[in-house]
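Text of entry.tsv (TSV, C-alpha atoms and all ligand atoms) as supplied:
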```tsv
chain	number	residue	atom	x	y	z
A	264	MET	CA	8.81	-47.89	47.88
A	265	GLN	CA	8.30	-51.17	46.10
A	266	VAL	CA	9.95	-54.25	47.59
A	267	HIS	CA	10.73	-57.21	45.33
A	268	GLU	CA	11.30	-60.69	46.67
A	269	ASN	CA	13.97	-63.11	45.39
A	270	PHE	CA	15.50	-60.60	43.04
A	271	CYS	CA	18.31	-61.23	40.53
A	272	LEU	CA	21.34	-58.94	40.95
A	273	LYS	CA	23.12	-59.70	37.68
A	274	LYS	CA	22.28	-56.29	36.18
A	275	PHE	CA	23.10	-54.52	39.45
A	276	ASN	CA	26.76	-55.49	39.80
A	277	THR	CA	29.36	-54.64	37.16
A	278	PHE	CA	31.07	-58.04	37.66
A	279	GLY	CA	27.83	-59.48	36.21
A	280	ILE	CA	27.56	-62.14	38.92
A	281	ASP	CA	24.32	-64.07	38.83
A	282	ALA	CA	23.41	-63.80	42.53
A	283	TYR	CA	20.02	-63.26	44.17
A	284	THR	CA	18.87	-61.14	47.08
A	285	ARG	CA	15.96	-62.09	49.33
A	286	TRP	CA	14.56	-58.55	49.15
A	287	PHE	CA	15.30	-55.63	46.83
A	288	ALA	CA	14.03	-52.06	47.09
A	289	GLU	CA	14.76	-48.92	45.13
A	290	ILE	CA	15.19	-45.64	47.02
A	291	SER	CA	14.17	-42.72	44.81
A	292	LEU	CA	12.73	-40.24	47.31
A	293	GLN	CA	13.96	-39.01	50.68
A	294	ASN	CA	10.83	-40.57	52.32
A	295	ASP	CA	11.83	-43.98	50.98
A	296	TYR	CA	14.73	-44.06	53.44
A	297	ASP	CA	12.28	-44.02	56.41
A	298	GLU	CA	10.16	-46.73	54.82
A	299	LEU	CA	13.27	-48.81	54.15
A	300	LEU	CA	14.41	-48.57	57.76
A	301	ARG	CA	10.93	-49.54	59.01
A	302	PHE	CA	11.04	-52.64	56.79
A	303	TYR	CA	14.58	-53.43	57.95
A	304	HIS	CA	13.63	-53.19	61.66
A	305	GLU	CA	10.47	-55.28	61.14
A	306	GLN	CA	12.26	-58.05	59.27
A	307	LYS	CA	15.49	-57.96	61.35
A	308	ILE	CA	17.64	-58.89	58.37
A	309	PRO	CA	20.94	-57.55	57.00
A	310	LEU	CA	20.72	-54.35	54.94
A	311	LEU	CA	23.05	-53.46	52.10
A	312	PRO	CA	22.86	-50.06	50.39
A	313	LEU	CA	23.82	-50.42	46.74
A	314	GLY	CA	25.19	-47.73	44.43
A	315	GLY	CA	26.36	-48.62	40.94
A	316	GLY	CA	27.51	-52.07	42.10
A	317	SER	CA	30.92	-51.33	40.60
A	318	ASN	CA	33.11	-52.18	43.59
A	319	LEU	CA	31.62	-55.35	44.99
A	320	LEU	CA	31.65	-59.06	44.37
A	321	PHE	CA	28.83	-61.39	45.37
A	322	THR	CA	30.13	-64.85	46.33
A	323	GLU	CA	26.71	-66.07	47.48
A	324	ASN	CA	23.08	-65.02	47.49
A	325	PHE	CA	22.28	-62.13	49.85
A	326	ASP	CA	19.92	-63.11	52.66
A	327	GLY	CA	18.64	-59.65	53.50
A	328	ILE	CA	17.49	-56.46	51.84
A	329	ILE	CA	19.44	-54.63	49.17
A	330	ALA	CA	18.51	-50.96	48.78
A	331	LYS	CA	19.46	-49.59	45.40
A	332	ILE	CA	20.03	-45.86	45.93
A	333	SER	CA	18.47	-43.92	43.03
A	334	THR	CA	17.90	-40.45	44.51
A	335	ARG	CA	18.71	-37.63	42.11
A	336	GLY	CA	19.63	-33.96	42.22
A	337	ILE	CA	22.75	-31.85	41.77
A	338	THR	CA	22.36	-28.35	43.23
A	339	ILE	CA	24.60	-25.34	43.71
A	340	ILE	CA	24.29	-24.36	47.37
A	341	SER	CA	26.56	-21.34	47.52
A	342	GLU	CA	29.52	-19.71	45.84
A	343	ASP	CA	32.18	-17.09	46.30
A	344	ASP	CA	34.89	-15.71	44.01
A	345	ARG	CA	36.99	-18.84	44.17
A	346	SER	CA	34.71	-21.81	44.70
A	347	THR	CA	31.24	-23.26	44.33
A	348	ILE	CA	29.63	-25.60	46.83
A	349	VAL	CA	27.58	-28.33	45.17
A	350	ASP	CA	25.29	-30.88	46.80
A	351	ALA	CA	24.79	-34.13	44.88
A	352	ALA	CA	22.33	-36.84	45.85
A	353	ALA	CA	23.90	-40.25	46.51
A	354	GLY	CA	22.01	-41.88	43.63
A	355	GLU	CA	23.38	-39.59	40.93
A	356	PRO	CA	25.59	-41.48	38.49
A	357	TRP	CA	29.18	-40.22	38.88
A	358	GLU	CA	29.28	-39.28	35.20
A	359	HIS	CA	26.38	-36.82	35.72
A	360	LEU	CA	28.44	-34.94	38.30
A	361	ILE	CA	31.42	-34.81	35.92
A	362	ALA	CA	29.13	-33.46	33.16
A	363	PHE	CA	27.72	-30.87	35.60
A	364	CYS	CA	31.26	-29.70	36.42
A	365	ILE	CA	32.15	-29.35	32.74
A	366	THR	CA	28.95	-27.38	31.97
A	367	ASN	CA	29.38	-25.08	34.98
A	368	GLU	CA	33.15	-24.71	34.58
A	369	LEU	CA	34.03	-26.16	37.96
A	370	TYR	CA	37.52	-27.58	38.45
A	371	GLY	CA	38.77	-30.45	40.60
A	372	LEU	CA	37.05	-33.68	39.58
A	373	GLU	CA	37.95	-33.88	35.87
A	374	ASN	CA	40.72	-36.48	36.40
A	375	LEU	CA	38.07	-38.75	37.90
A	376	SER	CA	36.15	-38.85	34.59
A	377	GLY	CA	35.08	-42.26	33.37
A	378	ILE	CA	34.91	-43.88	36.82
A	379	PRO	CA	31.78	-46.03	37.03
A	380	GLY	CA	29.43	-45.90	40.01
A	381	GLN	CA	27.40	-43.31	41.87
A	382	VAL	CA	28.12	-40.17	43.89
A	383	GLY	CA	27.22	-41.79	47.23
A	384	SER	CA	29.90	-44.46	46.89
A	385	SER	CA	32.68	-42.03	46.00
A	386	PRO	CA	33.66	-41.10	49.59
A	387	ILE	CA	33.50	-44.69	50.88
A	388	GLN	CA	36.64	-45.81	49.08
A	389	ASN	CA	37.86	-42.26	48.36
A	390	ILE	CA	37.91	-42.93	44.62
A	391	GLY	CA	41.11	-41.85	42.94
A	392	ALA	CA	42.79	-41.83	39.57
A	393	TYR	CA	45.50	-39.98	37.62
A	394	GLY	CA	46.89	-38.12	40.60
A	395	VAL	CA	43.58	-36.97	42.11
A	396	GLU	CA	41.47	-38.34	44.95
A	397	VAL	CA	37.87	-37.32	45.55
A	398	LYS	CA	38.75	-36.28	49.12
A	399	ASN	CA	40.42	-33.17	47.64
A	400	CYS	CA	36.96	-31.86	46.69
A	401	ILE	CA	34.65	-33.24	49.39
A	402	SER	CA	33.56	-30.80	52.07
A	403	GLU	CA	30.81	-32.82	53.80
A	404	VAL	CA	29.02	-36.14	53.64
A	405	TYR	CA	25.42	-36.51	54.83
A	406	ALA	CA	24.15	-39.87	56.04
A	407	ILE	CA	21.22	-41.53	57.73
A	408	ASN	CA	21.85	-43.80	60.73
A	409	ILE	CA	20.49	-47.27	60.12
A	410	ASP	CA	19.83	-47.88	63.82
A	411	ASP	CA	17.50	-44.98	64.61
A	412	GLY	CA	16.93	-43.11	61.32
A	413	SER	CA	18.63	-39.94	62.62
A	414	ARG	CA	20.73	-37.85	60.27
A	415	SER	CA	24.47	-37.19	60.59
A	416	LYS	CA	26.90	-34.88	58.90
A	417	PHE	CA	30.57	-35.81	58.47
A	418	SER	CA	33.08	-33.04	57.76
A	419	ASP	CA	35.94	-33.94	55.40
A	420	ARG	CA	38.19	-34.42	58.45
A	421	GLU	CA	35.64	-36.70	60.15
A	422	CYS	CA	35.55	-38.86	57.02
A	423	GLN	CA	39.19	-39.87	57.84
A	424	PHE	CA	40.10	-40.25	54.21
A	425	GLY	CA	43.15	-42.30	53.21
A	426	TYR	CA	44.27	-44.14	50.10
A	427	ARG	CA	41.12	-46.05	49.03
A	428	ASP	CA	39.92	-45.69	52.61
A	429	SER	CA	37.54	-43.75	54.86
A	430	ILE	CA	35.56	-44.09	58.08
A	431	PHE	CA	32.71	-45.54	55.97
A	432	LYS	CA	34.83	-48.65	55.29
A	433	ARG	CA	35.67	-49.00	58.99
A	434	GLU	CA	33.77	-47.71	62.06
A	435	MET	CA	30.70	-46.62	60.07
A	436	LYS	CA	30.52	-49.76	57.90
A	437	GLY	CA	26.96	-51.13	58.01
A	438	ARG	CA	25.86	-48.28	60.32
A	439	VAL	CA	24.97	-45.48	57.91
A	440	ILE	CA	23.58	-44.90	54.45
A	441	ILE	CA	25.15	-41.97	52.64
A	442	THR	CA	22.38	-39.73	51.27
A	443	ASP	CA	24.28	-36.71	49.88
A	444	VAL	CA	27.82	-35.60	49.21
A	445	VAL	CA	28.77	-31.91	49.28
A	446	PHE	CA	31.67	-30.88	47.07
A	447	ARG	CA	33.79	-27.74	47.11
A	448	LEU	CA	34.77	-27.15	43.49
A	449	SER	CA	37.14	-24.52	42.20
A	450	LYS	CA	36.16	-21.70	39.86
A	451	ILE	CA	39.83	-21.05	39.19
A	452	ARG	CA	41.15	-22.76	36.08
A	453	HIS	CA	43.85	-25.26	37.02
A	454	PHE	CA	44.69	-28.80	35.96
A	455	ASN	CA	46.55	-31.77	37.33
A	456	LEU	CA	48.35	-33.23	34.31
A	457	GLY	CA	51.41	-34.69	36.06
A	458	TYR	CA	50.42	-38.39	36.01
A	459	GLY	CA	52.33	-40.34	33.34
A	460	GLY	CA	50.76	-39.96	29.89
A	461	VAL	CA	48.00	-37.48	30.81
A	462	ALA	CA	49.64	-34.27	29.49
A	463	GLU	CA	50.50	-36.00	26.18
A	464	GLU	CA	46.95	-37.30	25.70
A	465	VAL	CA	45.49	-33.85	26.46
A	466	GLN	CA	47.89	-32.26	23.92
A	467	GLN	CA	46.52	-34.55	21.22
A	468	ILE	CA	43.02	-33.20	21.84
A	469	SER	CA	43.64	-29.49	22.26
A	470	GLN	CA	46.57	-27.08	22.45
A	471	VAL	CA	44.99	-25.17	25.34
A	472	PRO	CA	43.45	-27.64	27.80
A	473	ASP	CA	39.94	-27.06	29.07
A	474	LEU	CA	37.67	-29.18	31.26
A	475	ALA	CA	36.12	-31.00	28.31
A	476	SER	CA	39.47	-31.89	26.74
A	477	VAL	CA	41.02	-33.06	30.00
A	478	SER	CA	37.95	-35.16	30.78
A	479	LYS	CA	38.03	-36.66	27.27
A	480	ALA	CA	41.77	-37.39	27.55
A	481	ILE	CA	41.25	-39.24	30.83
A	482	CYS	CA	38.44	-41.31	29.31
A	483	ASN	CA	40.67	-42.14	26.32
A	484	ILE	CA	43.48	-43.32	28.62
A	485	ARG	CA	41.06	-45.45	30.62
A	486	ASP	CA	39.53	-46.95	27.47
A	487	LYS	CA	42.95	-48.13	26.30
A	488	LYS	CA	43.58	-50.16	29.48
A	489	ILE	CA	40.49	-50.62	31.58
A	490	PRO	CA	37.71	-52.90	30.29
A	491	ASN	CA	34.33	-51.19	29.97
A	492	PRO	CA	32.12	-52.89	32.58
A	493	LYS	CA	29.21	-52.61	30.12
A	494	GLU	CA	31.10	-55.05	27.87
A	495	THR	CA	33.24	-57.19	30.21
A	496	GLY	CA	32.35	-57.90	33.82
A	497	SER	CA	34.80	-56.37	36.32
A	498	ALA	CA	34.99	-54.10	39.34
A	499	GLY	CA	38.02	-52.08	38.26
A	500	SER	CA	41.16	-52.62	40.35
A	501	PHE	CA	40.63	-55.77	42.40
A	502	PHE	CA	43.51	-55.06	44.83
A	503	LYS	CA	44.92	-51.94	46.44
A	504	ASN	CA	48.46	-50.88	45.63
A	505	PRO	CA	50.36	-52.22	48.66
A	506	LEU	CA	52.21	-50.03	51.16
A	507	ILE	CA	55.38	-51.67	52.48
A	508	ASP	CA	58.01	-50.67	55.01
A	509	ASN	CA	61.61	-49.58	54.38
A	510	ASP	CA	63.31	-52.92	55.07
A	511	LEU	CA	61.22	-54.94	52.66
A	512	PHE	CA	61.38	-52.16	50.10
A	513	PHE	CA	65.20	-51.95	50.03
A	514	ASN	CA	65.37	-55.72	49.87
A	515	LEU	CA	63.09	-55.79	46.84
A	516	LYS	CA	64.83	-52.82	45.19
A	517	GLU	CA	68.11	-54.70	45.34
A	518	GLN	CA	66.62	-57.77	43.68
A	519	TYR	CA	64.40	-55.86	41.22
A	520	PRO	CA	66.04	-52.48	40.49
A	521	ASP	CA	63.23	-51.53	38.07
A	522	ILE	CA	60.43	-52.05	40.62
A	523	PRO	CA	57.92	-49.16	40.24
A	524	HIS	CA	57.39	-47.34	43.55
A	525	PHE	CA	56.17	-44.13	45.11
A	526	THR	CA	57.28	-42.96	48.54
A	527	ALA	CA	54.23	-42.60	50.76
A	528	ALA	CA	53.98	-41.14	54.26
A	529	ASP	CA	55.82	-42.59	57.32
A	530	ASP	CA	58.76	-44.04	55.37
A	531	ARG	CA	56.48	-46.46	53.66
A	532	HIS	CA	56.59	-47.19	49.96
A	533	LYS	CA	53.68	-47.80	47.64
A	534	LEU	CA	54.27	-50.47	45.02
A	535	ALA	CA	52.31	-51.00	41.79
A	536	ALA	CA	50.19	-54.10	42.37
A	537	ALA	CA	49.78	-54.39	38.58
A	538	TRP	CA	53.57	-54.77	38.22
A	539	LEU	CA	53.78	-57.45	40.94
A	540	ILE	CA	50.93	-59.43	39.36
A	541	ASP	CA	52.41	-58.96	35.90
A	542	ARG	CA	55.82	-60.28	37.09
A	543	CYS	CA	54.13	-63.40	38.46
A	544	GLY	CA	52.91	-64.12	34.94
A	545	TRP	CA	49.17	-63.63	35.47
A	546	LYS	CA	48.47	-61.16	32.68
A	547	GLY	CA	45.81	-62.55	30.35
A	548	TYR	CA	45.34	-65.72	32.45
A	549	ARG	CA	41.92	-67.32	32.14
A	550	LYS	CA	40.27	-70.29	33.76
A	551	GLY	CA	36.71	-70.88	32.67
A	552	ASP	CA	35.15	-67.43	32.61
A	553	ALA	CA	37.30	-65.95	35.39
A	554	GLY	CA	40.36	-64.09	34.19
A	555	VAL	CA	43.05	-61.47	34.59
A	556	ASN	CA	42.79	-58.51	32.25
A	557	LYS	CA	45.36	-58.60	29.42
A	558	LEU	CA	46.25	-54.91	29.54
A	559	GLN	CA	45.90	-54.02	33.23
A	560	PRO	CA	46.42	-57.14	35.37
A	561	LEU	CA	45.13	-55.43	38.52
A	562	ILE	CA	41.67	-55.94	37.06
A	563	LEU	CA	40.01	-59.36	37.37
A	564	VAL	CA	37.29	-60.06	34.85
A	565	ASN	CA	34.22	-62.20	34.35
A	566	TYR	CA	34.05	-63.21	30.68
A	567	GLY	CA	30.46	-64.41	31.05
A	568	THR	CA	29.30	-66.90	33.61
A	569	ALA	CA	32.03	-66.97	36.27
A	570	SER	CA	30.70	-67.23	39.81
A	571	GLY	CA	31.85	-64.96	42.62
A	572	SER	CA	33.67	-67.91	44.21
A	573	GLU	CA	35.62	-68.57	41.01
A	574	ILE	CA	36.76	-64.94	40.95
A	575	VAL	CA	37.73	-65.12	44.64
A	576	ASP	CA	39.64	-68.39	44.04
A	577	LEU	CA	41.60	-66.69	41.29
A	578	ALA	CA	42.23	-63.68	43.55
A	579	ARG	CA	43.60	-66.02	46.27
A	580	GLN	CA	45.95	-67.73	43.81
A	581	ILE	CA	47.25	-64.32	42.73
A	582	GLN	CA	47.70	-63.21	46.36
A	583	ASN	CA	49.61	-66.41	47.13
A	584	SER	CA	51.94	-66.18	44.17
A	585	VAL	CA	52.70	-62.47	44.78
A	586	PHE	CA	53.38	-63.25	48.44
A	587	GLU	CA	55.66	-66.18	47.59
A	588	LYS	CA	57.69	-64.20	45.07
A	589	PHE	CA	57.85	-60.77	46.73
A	590	GLY	CA	56.72	-61.27	50.36
A	591	VAL	CA	54.01	-58.64	49.75
A	592	TYR	CA	50.36	-59.10	50.73
A	593	LEU	CA	47.81	-57.75	48.27
A	594	GLU	CA	44.71	-56.50	50.03
A	595	PRO	CA	41.48	-56.66	48.01
A	596	GLU	CA	40.04	-53.28	47.13
A	597	VAL	CA	36.71	-54.76	46.12
A	598	ASN	CA	34.04	-55.37	48.76
A	599	ILE	CA	33.64	-59.18	48.83
A	600	LEU	CA	30.23	-60.34	50.07
B	701	LIG	N1	52.06	-51.96	35.38
B	701	LIG	C1	52.73	-53.10	34.97
B	701	LIG	N2	52.09	-53.94	34.09
B	701	LIG	C2	50.88	-53.64	33.58
B	701	LIG	C3	50.21	-52.48	33.98
B	701	LIG	C4	50.82	-51.63	34.89
B	701	LIG	O1	53.82	-53.38	35.40
B	701	LIG	O2	50.42	-54.43	32.77
B	701	LIG	C5	52.72	-51.08	36.37
B	701	LIG	C6	53.43	-49.95	35.68
B	701	LIG	O3	54.65	-49.74	36.31
B	701	LIG	C7	52.52	-48.76	35.93
B	701	LIG	C8	51.97	-49.11	37.28
B	701	LIG	O4	51.79	-50.53	37.25
B	701	LIG	O5	53.25	-47.58	35.94
B	701	LIG	C9	50.68	-48.40	37.62
B	701	LIG	O6	49.70	-48.70	36.63
B	701	LIG	P1	48.47	-47.72	36.35
B	701	LIG	O7	48.94	-46.36	35.99
B	701	LIG	O8	47.56	-48.41	35.40
B	701	LIG	O9	47.77	-47.54	37.77
B	701	LIG	P2	47.44	-48.55	38.95
B	701	LIG	O10	48.26	-48.13	40.11
B	701	LIG	O11	47.57	-49.97	38.52
B	701	LIG	C10	45.61	-47.05	39.99
B	701	LIG	C11	44.19	-47.17	40.47
B	701	LIG	C12	43.24	-47.15	39.28
B	701	LIG	C13	43.44	-45.86	38.51
B	701	LIG	C14	44.91	-45.79	38.06
B	701	LIG	C15	45.27	-44.49	37.37
B	701	LIG	C16	44.35	-48.45	42.54
B	701	LIG	C17	44.02	-49.72	43.24
B	701	LIG	N3	44.02	-48.39	41.24
B	701	LIG	O12	45.90	-48.22	39.24
B	701	LIG	O13	41.91	-47.16	39.80
B	701	LIG	O14	42.58	-45.77	37.40
B	701	LIG	O15	45.77	-45.87	39.23
B	701	LIG	O16	45.43	-43.50	38.30
B	701	LIG	O17	44.87	-47.52	43.17
B	701	LIG	C18	40.11	-48.58	40.44
B	701	LIG	O18	40.31	-48.21	41.59
B	701	LIG	O19	39.20	-49.38	40.15
B	701	LIG	C19	40.98	-48.08	39.37
B	701	LIG	C20	40.89	-48.50	38.13
```

Would you kindly transcribe this structure into structure tokens?
Amino acid sequence: MQVHENFCLKKFNTFGIDAYTRWFAEISLQNDYDELLRFYHEQKIPLLPLGGGSNLLFTENFDGIIAKISTRGITIISEDDRSTIVDAAAGEPWEHLIAFCITNELYGLENLSGIPGQVGSSPIQNIGAYGVEVKNCISEVYAINIDDGSRSKFSDRECQFGYRDSIFKREMKGRVIITDVVFRLSKIRHFNLGYGGVAEEVQQISQVPDLASVSKAICNIRDKKIPNPKETGSAGSFFKNPLIDNDLFFNLKEQYPDIPHFTAADDRHKLAAAWLIDRCGWKGYRKGDAGVNKLQPLILVNYGTASGSEIVDLARQIQNSVFEKFGVYLEPEVNIL
């Protein structure tokens, strides 16, 4: 394992923030994890595992060690008539797993096509899109404990998945490094085309949907709205869609009868953060190189040389104006460092 000192992170975060880390190491082999932990215990500095860098925002230089997870391998572990169990190393790019599913005719993850990032990050925020969340297909998550190097296995239930949430964002934050994710994928052909616009887009590609056409349709829908992080710096949705209680909801519904909403569990209602931000007039806003995406205002963008603090300032202004107008707090979805 090679360790670099004073290392630039610009290419390692999709926001394209020009921050530095004191130490940087790349983990390609299982043995590298042990070496990394030895280094971490010797130096007594903060440790941050890094996947695709597509859900974080650096607001300052990182005074510790960043471990870029680059382990590879996607393997079928077992199968029966209905499903196939697949182990994927944390460092596999998410798109490789989607391609593997298409090639091997495995159903379940196709609506998550086009999401940037790596396999190991997918359970942390329970990635979701177009009516599907990754938790539907995860059977186990393997991790290494930062404290003592021992290995742990989390069943899907132990992961405590919620909307953009899991135990890895809470109790286990900073305590484990995810090494592998085990997926239970279906051999039975079935699709989830209920999310607005998906069925229509699939129809344009093929009369009889298959994995490749559904995956392509999802990528097309994303391309129309979501900036490609290879071209414009961003970390996808900056905020979560807020969950609000009955009283506030009925109040808002009276004032704004067209407010988009979905009833969630426990009499709470999920609102579309994009709509709230849009109604506050932020769409297409730009100050310097920090901006709000023109097509999907839930996405904050870096047009070039914005700093992390400029993006966070903009996020605060958006939070304040949404709170003033609607009384709703927008919680960041992005990990702000
Ligand atoms: N809307 C507006 N104005 C806009 C755009 C959207 O009012 O300019 C409203 C519309 O009512 C629309 C609603 O917002 O129906 C929802 O918009 P969209 O379908 O684009 O989804 P989203 O709720 O804004 C979530 C995820 C996305 C995911 C899409 C599609 C979160 C935080 N974001 O966005 O995930 O791709 O659904 O399923 O849940 C990400 O996490 O990085 C991400 C991109």

For this session: Rank nothing, just name the residue among A:Leu320, A:Ala553, A:Ile481, A:Val585 nearest to ligand LIG 701 (chain B), using only C-alpha atoms and all ligand atoms.
Result: A:Ile481

Please provide as a short mmCIF file (atom, residue, chain, number, x, y, z; two decimals) with C-alpha atoms, in the frame of the given file all residues within 7 Å of Ala537 in chain A, with the sequence filter that same-chain residues fewer than 3 positions apart are discarded (counting only C-alpha atoms).
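Now in result33.cif:
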```cif
data_model
loop_
_atom_site.label_atom_id
_atom_site.label_comp_id
_atom_site.auth_asym_id
_atom_site.auth_seq_id
_atom_site.Cartn_x
_atom_site.Cartn_y
_atom_site.Cartn_z
CA ILE A 540 50.93 -59.43 39.36
CA ASP A 541 52.41 -58.96 35.90
CA GLN A 559 45.90 -54.02 33.23
CA PRO A 560 46.42 -57.14 35.37
CA LEU A 561 45.13 -55.43 38.52
#
```

For this session: Check the smallest atom-to-atom distance from each of A:Gly394, A:Gly279, A:Gly380, A:Pro523 to Ser333 in chain A using all atoms listed in the file, then report the winner.
Result: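 For Ser333 in chain A, the nearest of the given residues is A:Gly380.
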
So that each row is one residue of chain A with an atom at most 8 Å from ligand LIG 701 (chain B), can you give its shortest atom pair and the distance in Å to one decimal, using all atoms listed in the file, rows by chain and rising number, as CSV?
```
residue,atom,partner,partner_atom,distance
A:Asn318,CA,B:LIG701,O19,7.5
A:Ile378,CA,B:LIG701,C20,7.7
A:Ile390,CA,B:LIG701,O18,6.5
A:Gly391,CA,B:LIG701,O13,6.2
A:Ala392,CA,B:LIG701,O16,3.4
A:Tyr393,CA,B:LIG701,O16,3.6
A:Gly394,CA,B:LIG701,O16,6.0
A:Val395,CA,B:LIG701,O16,7.8
A:Tyr426,CA,B:LIG701,O17,7.7
A:Arg427,CA,B:LIG701,O17,7.1
A:Tyr458,CA,B:LIG701,O16,7.5
A:Gly459,CA,B:LIG701,O7,7.4
A:Arg485,CA,B:LIG701,O14,7.0
A:Lys488,CA,B:LIG701,O8,7.3
A:Ile489,CA,B:LIG701,C20,6.9
A:Ala498,CA,B:LIG701,O19,6.4
A:Gly499,CA,B:LIG701,O19,3.5
A:Ser500,CA,B:LIG701,O19,3.8
A:Phe501,CA,B:LIG701,O19,6.9
A:Phe502,CA,B:LIG701,C17,5.6
A:Lys503,CA,B:LIG701,C17,4.0
A:Asn504,CA,B:LIG701,C17,5.2
A:Ile522,CA,B:LIG701,O3,7.6
A:Pro523,CA,B:LIG701,O3,5.1
A:Ala535,CA,B:LIG701,O4,4.6
A:Ala536,CA,B:LIG701,O11,6.2
A:Ala537,CA,B:LIG701,O4,4.6
A:Trp538,CA,B:LIG701,O1,3.2
A:Leu539,CA,B:LIG701,O1,6.9
A:Ile540,CA,B:LIG701,N2,7.7
A:Asp541,CA,B:LIG701,N2,5.3
A:Arg542,CA,B:LIG701,O1,7.4
A:Lys546,CA,B:LIG701,O2,7.0
A:Lys557,CA,B:LIG701,O2,7.4
A:Leu558,CA,B:LIG701,O2,5.3
A:Gln559,CA,B:LIG701,O2,4.6
A:Pro560,CA,B:LIG701,O2,5.5
A:Leu561,CA,B:LIG701,O11,6.0
A:Ile562,CA,B:LIG701,C20,7.6
A:Glu596,CA,B:LIG701,C17,6.6
```

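Note that the spacing between CA of Pro356 in chain A and CA of Ser384 in chain A amounts to 9.9 Å.
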
Exercise. If you measure from CA of Val439 in chain A to CA of Asn294 in chain A, what distance in Å do you get, rounded to one decimal?
Worked result: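 These atoms are spaced 16.0 Å apart.
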
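Reported to one decimal place, the separation of CA of Tyr283 in chain A from CA of Phe321 in chain A is 9.1 Å.
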
Exercise. Which one is closest to Asp350 in chain A: A:Gly327, A:Pro379, A:Pro386, A:Gly336? Count all atoms listed in the file.
Worked result: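 Smallest separation from Asp350 in chain A among the options: A:Gly336.
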
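Among the candidate residues A:Leu515, A:Phe302, A:Gln381, A:Ile340, the one lying nearest to Glu355 in chain A is A:Gln381, with distances computed using all atoms listed in the file.
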
Spatial neighbours of Asp428 in chain A, 9 Å, all atoms listed in the file, chain gap at least 4 places, as a short mmCIF file (atom, residue, chain, number, x, y, z; two decimals) with C-alpha atoms, in the frame of the given file:
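Everything below was put into result35.cif:
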```cif
data_model
loop_
_atom_site.label_atom_id
_atom_site.label_comp_id
_atom_site.auth_asym_id
_atom_site.auth_seq_id
_atom_site.Cartn_x
_atom_site.Cartn_y
_atom_site.Cartn_z
CA PRO A 386 33.66 -41.10 49.59
CA ILE A 387 33.50 -44.69 50.88
CA GLN A 388 36.64 -45.81 49.08
CA ASN A 389 37.86 -42.26 48.36
CA ILE A 390 37.91 -42.93 44.62
CA GLN A 423 39.19 -39.87 57.84
CA PHE A 424 40.10 -40.25 54.21
CA LYS A 432 34.83 -48.65 55.29
CA ARG A 433 35.67 -49.00 58.99
#
```

Exercise. Smallest atom-to-atom distance to Glu587 in chain A: which of A:Cys543, A:Ile337, A:Glu573, A:Tyr405, using all atoms listed in the file?
Worked result: A:Cys543
